[in-house]
Amino acid sequence: MNYIVLDLEWNQCPYGKAREDEKLPFEIIEIGAVKLNERKEIVDTYHRLVKPVIYRKIHFRTKEVIAVTMEELQRDGILFPDAAEEFLAWCGSGYRFCTWGTTDLTELQRNLAYYYMEEILPGPILYEDVQKLFALAYETRKDRRSLEYAVDFLQIEEDGEFHQALDDAVYTARVLGSISDEIIHENYSIDCFQNPKSRKEEIRIRYGTYEKFISREFATKELLMEDREVTAVRCFSCLRNARRKIGWFSDNGRNYFAVGCCQDHGYVKCKVRIRKAADGKFFAIKTTKLIGEAELEKIKDKQASIRGRRQKKGK
């Protein structure tokens with residue numbers, strides 16, 4: 001299996017949100033990628049400028065970080081549908097995407113959807129978030145560093161410019177090359193821009209210390225939180241139903257928490273994050289893991305704090 005290390009640059013509406021195209025808030029203007037073999041050795045590279053058709057002036061924030069000009073894009077770029085087909089043909093078959101962070105694949109699919117081209121890159125997509133993998137390898141699970149930080153931390157030679165798609169892809173590939181295969185293989189990510197549509201397509205993945213479940217779509221949040229599979233609290237180790245210790249509660253209407261107790265393995269924490277799909281419906285991403293007494297008390301405190309705030313508002 002090859003790794004395709006992908007980096008994208010995109011532009012946004014230079015005239016503010018009011019004049020933004022809601023279906024395409026970020027228009028891709030540059031694609032850079034590196035192809036690695038199973039030994040994480042670079043075997044090929046890809047680079048293409050993309051001619052913009054939605055936003056034909058570069059947003060001031062985009063201009064601050066990229067080196068390419070609108071004149072270069074119009075002169076040297078090709079239209080996105082042509083660039084997308086060319087790029088995916090270059091990727092070949094039997095590969096896994098790798099990106100720095102979680103946004104590149106989402107925006108690639110959003111741009112494809114704008115041109116009704118989703119079928120050439122079906123999802124959900126399994127990929128490697130190299131930013132997350134770097135944190136797991138060298139810092140903590142929750143740390144999220146910049147690519148520049150990782151390059152400096154690993155003392156990687158800086159022979160390219162940051163925020164240029166191909167150079168950033170090369171740097172990301174070099175960071176990936178410093179991470180063990182075990183960490184990479186055990187901690188892959190899932191992009192759900194194209195989320196499950198039916199019960200049959202729902203996703204359940206067990207990692208080393210937790211399980212992730214991605215549900216099908218529901219018309220409303222309320223219907224989603226009535227689904228038995230979404231709200232089930234099962235032990236991570238034995239998969240049996242856990243006795244409910246803390247019932248489902250929400251901190252902001254998007255995240256829900258519950259805790260159960262397994263007689264053999266202890267406390268089980270479930271967290272449901274509600275996400276809005278591209279078609280306006282809702283789906284859930286639920287994580288389940290075993291916890292100790294200390295984290296149980298933190299969740300109790302969180303629930304009590306939320307109840308207290310709501311009671312004050314109700315007075």
# chains A, B, ... in the order shown; residues from 1 in each chain; ligands from 1
$ residues_around --residues "region 44-47 of chain A" --least-positions-apart "4" --cutoff "6 Å" --atoms "only C-alpha atoms" --output "ChimeraX atom specification"
/A:31-35
$ select_by_dssp --residues "region 28-66 of chain A" --states "helix (DSSP H, G or I)" --output "CSV table (one decimal) with N, CA and C atoms, in the first residue's frame"
chain,number,residue,atom,x,y,z
A,60,PHE,N,-7.5,38.6,1.8
A,60,PHE,CA,-6.2,39.1,2.4
A,60,PHE,C,-5.6,38.2,3.3
A,61,ARG,N,-6.3,37.3,4.0
A,61,ARG,CA,-5.7,36.3,4.9
A,61,ARG,C,-5.0,35.2,4.1
A,62,THR,N,-5.6,34.8,3.0
A,62,THR,CA,-4.9,33.9,2.1
A,62,THR,C,-3.6,34.5,1.5
A,63,LYS,N,-3.7,35.7,1.2
A,63,LYS,CA,-2.5,36.4,0.6
A,63,LYS,C,-1.3,36.5,1.6
A,64,GLU,N,-1.7,36.5,2.9
A,64,GLU,CA,-0.6,36.6,3.9
A,64,GLU,C,0.2,35.3,4.0
A,65,VAL,N,-0.4,34.2,3.6
A,65,VAL,CA,0.4,32.9,3.9
A,65,VAL,C,0.8,32.2,2.6
$ atom_distance --atom1 "CA of Asn255 (chain A)" --atom2 "CA of Glu217 (chain A)"
16.4 Å
$ residues_around --residues "Ala232 (chain A)" --least-positions-apart "6" --cutoff "9 Å" --atoms "only C-alpha atoms" --output "PyMOL selection string"
chain A and resi 241-242+270
$ closest_residue --among "A:Phe283, A:Lys271, A:Glu72, A:Val53" --to "Asp21 (chain A)" --atoms "only C-alpha atoms"
A:Val53
$ residues_around --residues "region 189-203 of chain A" --least-positions-apart "5" --cutoff "8 Å" --atoms "only C-alpha atoms" --output "list in words"
Thr102, Leu105, Thr106, Gln109, Arg110, Pro122, Gly123, Pro124, Ile125, Leu126, Tyr127, Glu128, Asp129, Lys212, Phe213, Ile214, Ser215, Arg216, Glu217, Ala277, Ala278 and Phe283 of chain A
$ residues_around --residues "Gly101 (chain A)" --least-positions-apart "5" --cutoff "12 Å" --atoms "only C-alpha atoms" --output "list in words"
Val5, Leu6, Asp7, Leu8, Thr106, Glu107, Tyr127, Glu128, Asp129, Val130, Gln131, Lys132, Leu133, Phe134, Ala135, Asp143, Arg144, Arg145, Ser146, Leu147, Thr172, Ser189, Ile190 and Asp191 of chain A
$ closest_residue --among "A:Ile29, A:Leu49, A:Ile4, A:Val175" --to "Phe97 (chain A)" --atoms "only C-alpha atoms"
A:Ile4
$ decode --residues "region 23-55 of chain A" --atoms "N, CA and C atoms" --output "tab-separated table (two decimals), in the first residue's frame"
chain	number	residue	atom	x	y	z
A	23	LYS	N	-22.20	26.81	-0.73
A	23	LYS	CA	-21.81	25.45	-1.09
A	23	LYS	C	-20.30	25.29	-1.25
A	24	LEU	N	-19.58	26.41	-1.35
A	24	LEU	CA	-18.13	26.33	-1.53
A	24	LEU	C	-17.45	27.51	-0.81
A	25	PRO	N	-17.38	27.45	0.52
A	25	PRO	CA	-16.72	28.55	1.24
A	25	PRO	C	-15.23	28.64	0.97
A	26	PHE	N	-14.60	27.50	0.63
A	26	PHE	CA	-13.16	27.48	0.36
A	26	PHE	C	-12.92	26.83	-1.00
A	27	GLU	N	-12.33	27.62	-1.91
A	27	GLU	CA	-12.09	27.13	-3.27
A	27	GLU	C	-10.61	26.74	-3.39
A	28	ILE	N	-10.37	25.49	-3.73
A	28	ILE	CA	-9.00	24.99	-3.84
A	28	ILE	C	-8.28	25.67	-4.99
A	29	ILE	N	-7.05	26.14	-4.70
A	29	ILE	CA	-6.26	26.83	-5.73
A	29	ILE	C	-4.90	26.16	-5.97
A	30	GLU	N	-4.55	25.18	-5.14
A	30	GLU	CA	-3.26	24.51	-5.33
A	30	GLU	C	-3.33	23.11	-4.70
A	31	ILE	N	-2.81	22.12	-5.42
A	31	ILE	CA	-2.74	20.74	-4.93
A	31	ILE	C	-1.29	20.30	-4.96
A	32	GLY	N	-0.81	19.83	-3.82
A	32	GLY	CA	0.53	19.25	-3.74
A	32	GLY	C	0.46	17.90	-3.07
A	33	ALA	N	1.21	16.95	-3.54
A	33	ALA	CA	1.16	15.61	-2.96
A	33	ALA	C	2.48	14.88	-3.18
A	34	VAL	N	2.73	13.94	-2.25
A	34	VAL	CA	3.91	13.09	-2.31
A	34	VAL	C	3.43	11.65	-2.21
A	35	LYS	N	3.95	10.79	-3.06
A	35	LYS	CA	3.62	9.36	-3.00
A	35	LYS	C	4.76	8.63	-2.30
A	36	LEU	N	4.42	7.88	-1.25
A	36	LEU	CA	5.39	7.10	-0.50
A	36	LEU	C	5.09	5.62	-0.68
A	37	ASN	N	6.13	4.80	-0.69
A	37	ASN	CA	5.92	3.36	-0.70
A	37	ASN	C	5.72	2.86	0.73
A	38	GLU	N	5.63	1.54	0.91
A	38	GLU	CA	5.38	0.98	2.24
A	38	GLU	C	6.50	1.28	3.22
A	39	ARG	N	7.68	1.56	2.73
A	39	ARG	CA	8.81	1.91	3.61
A	39	ARG	C	8.87	3.42	3.85
A	40	LYS	N	7.84	4.12	3.39
A	40	LYS	CA	7.71	5.58	3.56
A	40	LYS	C	8.83	6.33	2.84
A	41	GLU	N	9.24	5.79	1.70
A	41	GLU	CA	10.22	6.44	0.83
A	41	GLU	C	9.47	7.17	-0.29
A	42	ILE	N	9.91	8.37	-0.62
A	42	ILE	CA	9.26	9.15	-1.67
A	42	ILE	C	9.55	8.52	-3.02
A	43	VAL	N	8.48	8.20	-3.76
A	43	VAL	CA	8.65	7.60	-5.08
A	43	VAL	C	8.12	8.50	-6.20
A	44	ASP	N	7.33	9.52	-5.84
A	44	ASP	CA	6.81	10.44	-6.86
A	44	ASP	C	6.21	11.66	-6.18
A	45	THR	N	6.05	12.73	-6.94
A	45	THR	CA	5.42	13.95	-6.43
A	45	THR	C	4.41	14.46	-7.44
A	46	TYR	N	3.47	15.27	-6.94
A	46	TYR	CA	2.45	15.87	-7.80
A	46	TYR	C	2.25	17.31	-7.37
A	47	HIS	N	2.13	18.19	-8.36
A	47	HIS	CA	1.84	19.60	-8.06
A	47	HIS	C	1.03	20.20	-9.20
A	48	ARG	N	-0.03	20.94	-8.81
A	48	ARG	CA	-0.86	21.57	-9.82
A	48	ARG	C	-1.51	22.82	-9.24
A	49	LEU	N	-1.41	23.93	-9.97
A	49	LEU	CA	-2.18	25.13	-9.65
A	49	LEU	C	-3.57	24.98	-10.25
A	50	VAL	N	-4.57	25.51	-9.53
A	50	VAL	CA	-5.96	25.39	-9.95
A	50	VAL	C	-6.52	26.77	-10.25
A	51	LYS	N	-7.11	26.93	-11.43
A	51	LYS	CA	-7.66	28.22	-11.85
A	51	LYS	C	-8.98	28.48	-11.12
A	52	PRO	N	-9.08	29.54	-10.34
A	52	PRO	CA	-10.32	29.80	-9.61
A	52	PRO	C	-11.42	30.34	-10.53
A	53	VAL	N	-12.65	29.92	-10.24
A	53	VAL	CA	-13.80	30.44	-10.99
A	53	VAL	C	-14.84	31.06	-10.08
A	54	ILE	N	-14.76	30.80	-8.78
A	54	ILE	CA	-15.74	31.35	-7.82
A	54	ILE	C	-15.21	32.64	-7.21
A	55	TYR	N	-14.02	32.59	-6.65
A	55	TYR	CA	-13.41	33.76	-6.02
A	55	TYR	C	-12.18	34.16	-6.83
